[in-house]
$ cat model_18.cif   # mmCIF, C-alpha atoms
data_entry
loop_
_atom_site.label_atom_id
_atom_site.label_comp_id
_atom_site.auth_asym_id
_atom_site.auth_seq_id
_atom_site.Cartn_x
_atom_site.Cartn_y
_atom_site.Cartn_z
CA MET Z 1 -29.45 -29.00 17.14
CA PRO Z 2 -31.71 -27.15 14.71
CA VAL Z 3 -35.17 -28.67 14.89
CA ILE Z 4 -38.00 -27.89 12.52
CA GLU Z 5 -41.44 -28.13 13.97
CA SER Z 6 -44.26 -28.36 11.57
CA GLU Z 7 -47.10 -25.92 12.19
CA THR Z 8 -49.43 -27.31 9.54
CA SER Z 9 -49.37 -30.96 10.46
CA PRO Z 10 -49.56 -31.43 14.22
CA THR Z 11 -49.01 -35.18 13.93
CA ALA Z 12 -45.58 -34.90 12.25
CA SER Z 13 -42.68 -35.52 14.59
CA PRO Z 14 -39.89 -32.94 14.77
CA VAL Z 15 -37.24 -33.46 12.12
CA SER Z 16 -33.60 -33.09 13.05
CA LEU Z 17 -31.35 -31.65 10.39
CA ASP Z 18 -28.26 -33.03 12.06
CA PRO Z 19 -26.89 -35.99 10.03
CA MET Z 20 -24.85 -37.11 13.05
CA ARG Z 21 -27.94 -37.45 15.23
CA GLY Z 22 -27.99 -40.74 17.07
CA LEU Z 23 -24.31 -41.35 16.40
CA SER Z 24 -22.04 -40.94 19.32
CA ARG Z 25 -20.07 -37.75 19.00
CA VAL Z 26 -16.34 -37.94 19.30
CA SER Z 27 -14.68 -34.73 20.39
CA HIS Z 28 -12.40 -32.97 17.94
CA LEU Z 29 -9.41 -33.70 20.18
CA ARG Z 30 -10.00 -37.45 19.93
CA LEU Z 31 -10.34 -37.17 16.14
CA LEU Z 32 -7.07 -35.26 15.91
CA GLU Z 33 -5.42 -37.79 18.20
CA ALA Z 34 -6.65 -40.72 16.08
CA GLU Z 35 -5.31 -39.08 12.92
CA SER Z 36 -1.91 -38.47 14.52
CA LEU Z 37 -1.65 -42.05 15.83
CA HIS Z 38 -2.43 -43.33 12.32
CA ILE Z 39 0.35 -41.18 10.84
CA LEU Z 40 2.91 -42.32 13.43
CA ARG Z 41 2.11 -46.00 12.78
CA GLU Z 42 2.13 -45.57 8.99
CA VAL Z 43 5.60 -44.06 9.05
CA VAL Z 44 6.99 -46.73 11.37
CA SER Z 45 5.63 -49.48 9.13
CA GLU Z 46 6.86 -47.89 5.88
CA PHE Z 47 10.28 -46.44 6.68
CA GLU Z 48 13.49 -48.09 7.76
CA ARG Z 49 14.98 -45.47 10.08
CA PRO Z 50 12.50 -42.98 11.48
CA VAL Z 51 13.43 -40.45 14.14
CA MET Z 52 11.40 -37.95 16.14
CA LEU Z 53 12.71 -34.40 16.33
CA TYR Z 54 12.26 -33.52 19.96
CA SER Z 55 12.51 -29.79 20.58
CA ILE Z 56 11.28 -29.84 24.22
CA GLY Z 57 8.40 -27.44 23.55
CA LYS Z 58 4.69 -28.04 24.08
CA ASP Z 59 4.17 -29.48 20.60
CA SER Z 60 7.03 -31.92 21.09
CA SER Z 61 5.54 -32.89 24.45
CA VAL Z 62 2.23 -33.72 22.76
CA MET Z 63 3.99 -35.58 19.95
CA LEU Z 64 5.96 -37.63 22.46
CA ARG Z 65 2.77 -38.61 24.31
CA LEU Z 66 1.18 -39.62 20.99
CA ALA Z 67 4.26 -41.75 20.19
CA GLN Z 68 3.85 -43.52 23.53
CA LYS Z 69 0.15 -44.16 22.84
CA ALA Z 70 0.66 -45.29 19.25
CA PHE Z 71 2.90 -48.20 20.23
CA TYR Z 72 1.74 -48.90 23.78
CA PRO Z 73 2.50 -51.22 25.59
CA GLY Z 74 5.63 -51.50 23.45
CA PRO Z 75 8.42 -48.96 23.67
CA ILE Z 76 8.67 -46.01 21.27
CA PRO Z 77 10.23 -47.69 18.21
CA PHE Z 78 12.47 -44.78 17.17
CA PRO Z 79 14.99 -42.49 18.89
CA LEU Z 80 14.39 -38.86 19.82
CA LEU Z 81 16.76 -36.30 18.31
CA HIS Z 82 17.38 -32.92 19.86
CA VAL Z 83 19.31 -30.37 17.84
CA ASP Z 84 20.98 -28.34 20.55
CA THR Z 85 22.18 -24.87 19.61
CA GLY Z 86 23.75 -24.31 23.02
CA PHE Z 87 21.33 -21.41 23.51
CA LYS Z 88 18.38 -23.35 24.85
CA PHE Z 89 17.16 -22.44 28.35
CA HIS Z 90 18.85 -24.54 31.01
CA GLU Z 91 15.39 -25.58 32.26
CA MET Z 92 14.71 -27.03 28.81
CA ILE Z 93 17.83 -29.19 28.87
CA ALA Z 94 17.04 -30.55 32.35
CA PHE Z 95 13.46 -31.25 31.28
CA ARG Z 96 14.62 -32.99 28.09
CA ASP Z 97 16.86 -35.43 29.94
CA GLU Z 98 14.19 -36.17 32.53
CA MET Z 99 11.50 -36.79 29.90
CA ALA Z 100 13.69 -39.12 27.83
CA ARG Z 101 14.49 -41.06 30.98
CA SER Z 102 10.87 -41.27 32.18
CA VAL Z 103 9.43 -42.45 28.86
CA GLY Z 104 12.38 -44.79 28.32
CA ALA Z 105 13.22 -43.41 24.88
CA GLU Z 106 16.65 -43.26 23.31
CA LEU Z 107 17.76 -39.61 23.19
CA LEU Z 108 20.27 -38.36 20.62
CA VAL Z 109 21.65 -34.84 21.00
CA TRP Z 110 23.39 -33.19 18.07
CA ARG Z 111 25.30 -29.93 18.17
CA ASN Z 112 27.22 -28.12 15.45
CA GLU Z 113 30.32 -28.09 17.66
CA THR Z 114 32.49 -26.38 15.03
CA ALA Z 115 30.13 -23.41 14.79
CA ILE Z 116 29.57 -23.30 18.57
CA ALA Z 117 33.34 -23.31 19.20
CA ALA Z 118 33.71 -20.47 16.67
CA GLY Z 119 31.43 -18.33 18.88
CA THR Z 120 28.40 -18.34 16.60
CA ASN Z 121 25.59 -16.28 18.12
CA PRO Z 122 22.72 -14.18 16.75
CA ILE Z 123 24.37 -10.88 17.65
CA ALA Z 124 27.86 -11.64 16.30
CA LEU Z 125 26.21 -12.98 13.14
CA ASP Z 126 22.66 -12.15 12.12
CA THR Z 127 19.80 -14.42 13.17
CA LYS Z 128 19.51 -15.86 9.67
CA ARG Z 129 23.09 -17.10 9.55
CA CYS Z 130 23.00 -18.18 13.20
CA CYS Z 131 19.91 -20.37 12.59
CA GLY Z 132 21.48 -21.65 9.39
CA LEU Z 133 24.55 -22.94 11.22
CA LEU Z 134 23.23 -23.99 14.62
CA LYS Z 135 19.86 -25.40 13.58
CA THR Z 136 19.60 -26.17 9.87
CA GLN Z 137 23.17 -27.33 9.28
CA ALA Z 138 23.19 -29.28 12.54
CA LEU Z 139 19.90 -30.99 11.67
CA LEU Z 140 21.01 -31.92 8.16
CA ASP Z 141 24.32 -33.27 9.50
CA ALA Z 142 22.54 -35.33 12.15
CA LEU Z 143 20.01 -36.81 9.71
CA LYS Z 144 22.83 -37.72 7.35
CA HIS Z 145 25.09 -39.09 10.08
CA TYR Z 146 22.44 -41.49 11.36
CA ASN Z 147 20.98 -42.14 7.90
CA PHE Z 148 17.41 -41.36 9.00
CA ASP Z 149 14.87 -41.62 6.19
CA ALA Z 150 11.89 -40.11 8.01
CA ALA Z 151 11.88 -37.41 10.67
CA PHE Z 152 8.80 -36.44 12.68
CA GLY Z 153 8.40 -32.76 13.51
CA GLY Z 154 5.79 -30.99 15.61
CA ALA Z 155 5.04 -28.14 13.17
CA ARG Z 156 1.39 -27.16 12.75
CA ARG Z 157 -0.36 -25.57 9.76
CA ASP Z 158 -1.83 -22.76 11.87
CA GLU Z 159 1.60 -21.51 12.97
CA GLU Z 160 2.92 -19.66 9.97
CA LYS Z 161 1.81 -19.13 6.37
CA SER Z 162 4.68 -21.13 4.83
CA ARG Z 163 3.46 -24.07 6.91
CA ALA Z 164 -0.22 -23.60 6.00
CA LYS Z 165 -0.12 -25.80 2.91
CA GLU Z 166 2.63 -28.13 4.03
CA ARG Z 167 1.98 -31.82 3.45
CA ILE Z 168 1.81 -34.39 6.25
CA TYR Z 169 4.61 -36.28 4.42
CA SER Z 170 6.92 -33.53 3.18
CA PHE Z 171 9.55 -34.68 0.71
CA ARG Z 172 13.20 -33.61 0.84
CA ASP Z 173 15.73 -34.24 -1.88
CA SER Z 174 19.07 -35.94 -1.28
CA ALA Z 175 20.50 -32.61 -0.05
CA GLY Z 176 17.70 -32.38 2.54
CA GLN Z 177 16.10 -29.45 0.72
CA TRP Z 178 12.43 -28.69 0.35
CA ASP Z 179 10.74 -27.77 -2.90
CA PRO Z 180 7.20 -26.62 -2.08
CA LYS Z 181 6.22 -26.93 -5.76
CA ASN Z 182 7.28 -30.56 -5.98
CA GLN Z 183 5.18 -32.31 -3.35
CA ARG Z 184 2.73 -35.16 -3.61
CA PRO Z 185 -1.05 -35.07 -3.37
CA GLU Z 186 -2.47 -36.46 -0.13
CA LEU Z 187 -5.99 -37.72 -0.53
CA TRP Z 188 -7.91 -38.53 2.63
CA ASN Z 189 -5.56 -40.51 4.86
CA LEU Z 190 -3.45 -42.01 2.08
CA TYR Z 191 0.23 -41.13 2.22
CA ASN Z 192 2.70 -42.01 -0.51
CA ALA Z 193 5.87 -43.15 1.20
CA ARG Z 194 8.01 -44.10 -1.82
CA ILE Z 195 11.40 -42.46 -1.89
CA HIS Z 196 14.70 -43.02 -3.67
CA PRO Z 197 17.82 -43.85 -1.68
CA GLY Z 198 19.22 -40.66 -0.13
CA GLU Z 199 15.87 -38.86 -0.16
CA SER Z 200 13.91 -38.45 3.03
CA ILE Z 201 10.66 -37.15 4.35
CA ARG Z 202 9.70 -34.85 7.18
CA VAL Z 203 6.45 -35.92 8.77
CA PHE Z 204 4.09 -33.61 10.63
CA PRO Z 205 1.62 -35.62 12.73
CA LEU Z 206 0.27 -32.44 14.35
CA SER Z 207 -0.42 -30.64 11.04
CA ASN Z 208 -4.12 -30.22 11.70
CA TRP Z 209 -3.88 -29.24 15.35
CA THR Z 210 -4.16 -25.62 16.48
CA GLU Z 211 -2.36 -23.99 19.37
CA MET Z 212 -5.62 -24.22 21.34
CA ASP Z 213 -5.95 -27.95 20.61
CA VAL Z 214 -2.42 -28.52 21.88
CA TRP Z 215 -3.13 -26.74 25.16
CA GLN Z 216 -6.44 -28.50 25.71
CA TYR Z 217 -4.80 -31.86 25.05
CA ILE Z 218 -1.98 -31.09 27.48
CA HIS Z 219 -4.63 -30.17 30.05
CA GLU Z 220 -6.82 -33.26 29.47
CA GLU Z 221 -3.92 -35.70 29.29
CA LYS Z 222 -1.92 -34.06 32.09
CA ILE Z 223 1.18 -33.93 29.90
CA PRO Z 224 4.29 -32.52 31.61
CA ILE Z 225 5.65 -29.31 30.08
CA VAL Z 226 8.61 -27.06 30.82
CA ASP Z 227 7.99 -24.67 33.71
CA LEU Z 228 8.88 -21.68 31.48
CA TYR Z 229 5.36 -21.86 30.03
CA PHE Z 230 3.89 -20.92 33.43
CA ALA Z 231 3.94 -17.33 34.66
CA LYS Z 232 6.19 -16.38 37.51
CA GLU Z 233 8.49 -13.52 38.49
CA ARG Z 234 11.51 -13.73 36.23
CA PRO Z 235 14.34 -11.30 35.50
CA MET Z 236 13.83 -9.74 32.08
CA TYR Z 237 15.25 -6.99 29.93
CA VAL Z 238 12.29 -4.76 29.12
CA ARG Z 239 12.49 -3.34 25.59
CA GLY Z 240 9.43 -1.36 24.57
CA ASP Z 241 6.59 -3.89 24.51
CA GLY Z 242 9.03 -6.79 24.45
CA LEU Z 243 10.54 -8.87 27.26
CA LEU Z 244 13.86 -10.60 26.68
CA PRO Z 245 14.80 -13.38 29.09
CA ILE Z 246 18.17 -13.17 30.80
CA GLU Z 247 19.98 -16.37 30.06
CA GLN Z 248 22.96 -15.35 27.96
CA ALA Z 249 25.16 -12.44 29.03
CA PHE Z 250 25.82 -11.22 25.48
CA VAL Z 251 22.21 -10.14 24.89
CA ALA Z 252 22.52 -7.22 27.33
CA ARG Z 253 22.85 -3.76 25.88
CA LEU Z 254 25.24 -1.27 27.44
CA GLY Z 255 23.96 -0.15 30.85
CA GLU Z 256 20.79 -2.25 30.59
CA LYS Z 257 19.38 -3.41 33.94
CA PRO Z 258 17.14 -6.45 34.31
CA GLN Z 259 13.74 -6.08 35.98
CA MET Z 260 11.62 -8.69 37.72
CA VAL Z 261 8.48 -9.20 35.63
CA LYS Z 262 5.67 -11.73 36.08
CA SER Z 263 6.00 -13.38 32.73
CA ARG Z 264 6.03 -16.59 30.77
CA LEU Z 265 7.05 -17.96 27.39
CA ARG Z 266 4.38 -18.81 24.87
CA SER Z 267 6.74 -20.62 22.53
CA LEU Z 268 10.16 -22.06 23.42
CA GLY Z 269 13.22 -21.43 21.31
CA CYS Z 270 16.76 -20.19 21.77
CA SER Z 271 16.91 -17.74 24.68
CA PRO Z 272 18.43 -14.77 22.77
CA CYS Z 273 15.67 -14.92 20.11
CA THR Z 274 12.57 -15.81 22.13
CA GLY Z 275 10.60 -13.01 23.74
CA ALA Z 276 8.51 -13.56 26.87
CA ILE Z 277 5.06 -12.11 27.51
CA CYS Z 278 3.68 -10.40 30.61
CA SER Z 279 1.23 -12.86 32.09
CA ASP Z 280 -0.46 -14.05 35.28
CA ALA Z 281 -1.24 -17.47 33.81
CA ASP Z 282 0.39 -19.90 36.21
CA THR Z 283 -1.92 -22.89 35.62
CA LEU Z 284 -3.11 -24.71 32.48
CA PRO Z 285 -6.72 -23.42 32.74
CA LYS Z 286 -5.34 -19.87 33.05
CA ILE Z 287 -3.12 -20.38 30.00
CA ILE Z 288 -6.12 -21.62 28.01
CA ALA Z 289 -8.23 -18.68 29.22
CA GLU Z 290 -5.41 -16.31 28.28
CA LEU Z 291 -5.17 -17.89 24.82
CA VAL Z 292 -8.85 -17.15 24.18
CA SER Z 293 -8.09 -13.46 24.69
CA PHE Z 294 -4.92 -13.31 22.57
CA ARG Z 295 -4.91 -11.21 19.45
CA SER Z 296 -1.36 -12.02 18.31
CA SER Z 297 0.03 -15.34 17.13
CA GLU Z 298 2.49 -17.36 19.17
CA ARG Z 299 5.31 -16.76 16.73
CA ALA Z 300 4.96 -12.95 16.85
CA ASN Z 301 7.68 -12.89 19.51
CA ARG Z 302 10.07 -15.18 17.64
CA VAL Z 303 12.74 -12.95 16.11
CA ILE Z 304 13.76 -15.53 13.48
CA ASP Z 305 10.36 -15.49 11.74
CA HIS Z 306 10.71 -11.83 10.92
CA ASP Z 307 14.32 -11.36 9.88
CA GLN Z 308 13.27 -11.01 6.24
CA GLU Z 309 10.21 -11.37 4.00
CA GLY Z 310 9.32 -15.04 3.60
CA SER Z 311 11.99 -15.96 6.14
CA MET Z 312 10.40 -19.18 7.35
CA GLU Z 313 9.98 -20.38 3.80
CA LEU Z 314 13.65 -19.70 3.02
CA LYS Z 315 14.75 -21.49 6.17
CA LYS Z 316 12.50 -24.43 5.32
CA ARG Z 317 13.84 -24.65 1.76
CA GLU Z 318 17.35 -24.92 3.14
CA GLY Z 319 16.28 -27.74 5.42
CA TYR Z 320 15.01 -26.10 8.61
CA PHE Z 321 11.97 -27.72 10.17
CA MET B 1 -34.32 -5.51 22.42
CA ALA B 2 -33.43 -7.54 25.46
CA THR B 3 -29.95 -7.14 26.84
CA THR B 4 -28.07 -10.18 28.01
CA ALA B 5 -25.62 -9.89 30.86
CA ILE B 6 -22.11 -10.91 29.85
CA SER B 7 -21.02 -13.54 32.32
CA PRO B 8 -17.35 -13.70 33.30
CA PHE B 9 -15.22 -16.19 31.39
CA SER B 10 -15.46 -19.64 32.96
CA ILE B 11 -12.76 -22.07 31.97
CA GLU B 12 -14.89 -25.09 32.96
CA GLU B 13 -17.77 -23.93 30.77
CA PHE B 14 -15.38 -23.19 27.94
CA LEU B 15 -13.75 -26.63 28.08
CA ALA B 16 -17.14 -28.37 28.36
CA GLN B 17 -18.29 -26.49 25.28
CA GLU B 18 -15.07 -27.37 23.42
CA ARG B 19 -15.65 -31.06 24.17
CA THR B 20 -18.88 -30.98 22.18
CA LYS B 21 -17.07 -29.77 19.06
CA ASP B 22 -16.13 -32.10 16.27
CA LEU B 23 -13.96 -31.50 13.21
CA LEU B 24 -14.97 -29.96 9.92
CA ARG B 25 -13.00 -31.17 6.92
CA PHE B 26 -13.41 -28.58 4.22
CA SER B 27 -12.24 -29.19 0.66
CA THR B 28 -12.09 -26.79 -2.25
CA ALA B 29 -11.64 -27.97 -5.80
CA GLY B 30 -11.06 -25.71 -8.74
CA SER B 31 -8.67 -24.52 -11.39
CA VAL B 32 -5.73 -22.17 -10.89
CA ASP B 33 -6.89 -18.72 -9.70
CA ASP B 34 -10.49 -19.81 -9.24
CA GLY B 35 -10.40 -18.59 -5.63
CA LYS B 36 -9.82 -21.76 -3.57
CA SER B 37 -7.36 -20.13 -1.19
CA THR B 38 -9.31 -16.88 -1.10
CA LEU B 39 -12.41 -18.76 0.05
CA ILE B 40 -10.52 -20.65 2.76
CA GLY B 41 -8.73 -17.47 3.86
CA ARG B 42 -12.04 -15.63 4.08
CA LEU B 43 -13.55 -18.44 6.20
CA LEU B 44 -10.53 -18.36 8.53
CA TYR B 45 -10.87 -14.58 8.81
CA ASP B 46 -14.62 -14.60 9.39
CA THR B 47 -14.39 -17.33 12.03
CA GLN B 48 -11.71 -15.30 13.84
CA SER B 49 -9.18 -18.07 13.37
CA VAL B 50 -6.33 -15.74 12.44
CA TYR B 51 -4.41 -13.41 14.68
CA GLU B 52 -3.94 -9.67 14.20
CA ASP B 53 -0.24 -9.93 13.38
CA GLN B 54 -1.03 -12.50 10.70
CA VAL B 55 -3.59 -10.16 9.13
CA ARG B 56 -1.23 -7.19 9.45
CA SER B 57 1.51 -9.10 7.62
CA ILE B 58 -0.66 -9.41 4.48
CA GLU B 59 -2.29 -5.95 4.49
CA GLY B 60 -1.49 -3.90 1.41
CA LYS B 61 -0.17 -6.97 -0.40
CA GLY B 62 -1.61 -9.21 -3.06
CA THR B 63 -3.87 -8.55 -5.97
CA THR B 64 -6.94 -6.94 -4.40
CA ALA B 65 -7.98 -3.28 -4.57
CA PRO B 66 -6.25 -0.88 -2.12
CA GLY B 67 -7.64 -1.20 1.40
CA GLN B 68 -8.96 -4.71 0.81
CA ILE B 69 -7.36 -7.81 2.23
CA ASP B 70 -6.20 -10.50 -0.21
CA PHE B 71 -7.44 -13.43 1.87
CA ALA B 72 -5.57 -15.98 -0.23
CA LEU B 73 -2.33 -14.72 1.31
CA LEU B 74 -3.32 -16.14 4.71
CA THR B 75 -2.47 -19.60 3.41
CA ASP B 76 -0.48 -18.83 0.24
CA GLY B 77 2.63 -17.82 2.10
CA LEU B 78 5.12 -19.01 -0.46
CA ARG B 79 7.29 -16.51 -2.30
CA ALA B 80 7.47 -18.33 -5.60
#

$ encode --input "model_18.cif" --output "structure tokens"
Amino acid sequence: MPVIESETSPTASPVSLDPMRGLSRVSHLRLLEAESLHILREVVSEFERPVMLYSIGKDSSVMLRLAQKAFYPGPIPFPLLHVDTGFKFHEMIAFRDEMARSVGAELLVWRNETAIAAGTNPIALDTKRCCGLLKTQALLDALKHYNFDAAFGGARRDEEKSRAKERIYSFRDSAGQWDPKNQRPELWNLYNARIHPGESIRVFPLSNWTEMDVWQYIHEEKIPIVDLYFAKERPMYVRGDGLLPIEQAFVARLGEKPQMVKSRLRSLGCSPCTGAICSDADTLPKIIAELVSFRSSERANRVIDHDQEGSMELKKREGYF
Amino acid sequence: MATTAISPFSIEEFLAQERTKDLLRFSTAGSVDDGKSTLIGRLLYDTQSVYEDQVRSIEGKGTTAPGQIDFALLTDGLRA
């Protein structure tokens, strides 16, 4: 704390410039947690059919823990929805089923079976069309099928510039589409939940968290996460600076041989479009220490963010999370 | 000038230090093109809160003089 000591008047006591002096300090993680719990409860009290998009990644894991806390000792009052592209890592699918069972939540899985049966993949098509069919279309179909009017997502403002100014309550028209220029003001913690029939909102309780906050919270709360986040020897295709996990046979180039590399994933997505990083971080403290040293963002190795200029914004407009 | 030895990174010290942090809510108010986003972008940049690939993606774009970063683009990611 900055303290001014008076030289001229020896009797004056030191003056603290800190307005919070004497008040108990709450750590930033607890403040973020309190804000997220408030958002979860607001949505449940204001909407008829909320759902939580559960993508199995670290942000979803935090969001799920917050949902448990927000309604404890009651059960989580909404189902979890996983949009499965068929290209998720098998460890993710096993983890998903185990988590849903252990927290006692209802798990809905939705797949665009028509597109999957037609052999949709990011190499046969391009990544943009593949995401459009397997993620965006599947999500819109699922929301419509179940008639959900509010869907929680784990997106954060620090992730990507098209998410930087996203609202906590993000409005979607009756076609599920996002118009960034037609969103509502959010003053302090007041959220306007009025919608017309057929419209819906996406809700982002983790908007104000950073990647570092998420990892520290996982560490403090001992939240289970998929093993792919921890470094170990894994077979990878090495392409320049990039590491591509071997999960789907079609990603291999002619004559390409996998190598064992001590590596981990920083962000979980579909295996053909998610690069791994070389890493020795096999514990949470090591992951946090590694994060301090990082100079690139976690989405730098996600192919789908870079398939064209403004690609995340375009995907979001169409209805992607 | 005294030199201070750089101690190796200690995760316990780092986490203990993080626990003493609270949140800063920062608001800007102003008219269109007054520089609200530029100010926030500059603060993010100066506090090392943005990654190199995020800075690289906005270099050479925007409305600033050549060689200067248009900090507003760090949060104004929308095409329209």

$ resolve_selection --input "model_18.cif" --expression "the PyMOL selection byres ((chain B) within 10 of (chain Z))" --output "number ranges by chain"
B: 9-12, 14-15, 18-25, 48-55, 57, 73-80

$ atom_distance --input "model_18.cif" --atom1 "atom CA of Met52 of chain Z" --atom2 "atom CA of Leu81 of chain Z"
6.0 Å

$ atom_distance --input "model_18.cif" --atom1 "atom CA of Pro66 of chain B" --atom2 "atom CA of Ser27 of chain B"
29.1 Å

$ resolve_selection --input "model_18.cif" --expression "the PyMOL selection byres ((chain Z and resi 269) around 12)" --output "PyMOL selection string"
chain Z and resi 55-58+83-93+131+135+226+228-229+245+265-268+270-276+298-299+301-305

$ atom_distance --input "model_18.cif" --atom1 "atom CA of Lys36 of chain B" --atom2 "atom CA of Arg167 of chain Z"
17.0 Å

$ resolve_selection --input "model_18.cif" --expression "the PyMOL selection byres ((chain Z and resi 38) around 12)" --output "list in words"
Leu31, Leu32, Glu33, Ala34, Glu35, Ser36, Leu37, Ile39, Leu40, Arg41, Glu42, Val43, Val44, Ser45, Leu66, Ala67, Lys69, Ala70, Phe71, Ile168, Asn189, Leu190, Tyr191, Phe204, Pro205 and Leu206 of chain Z
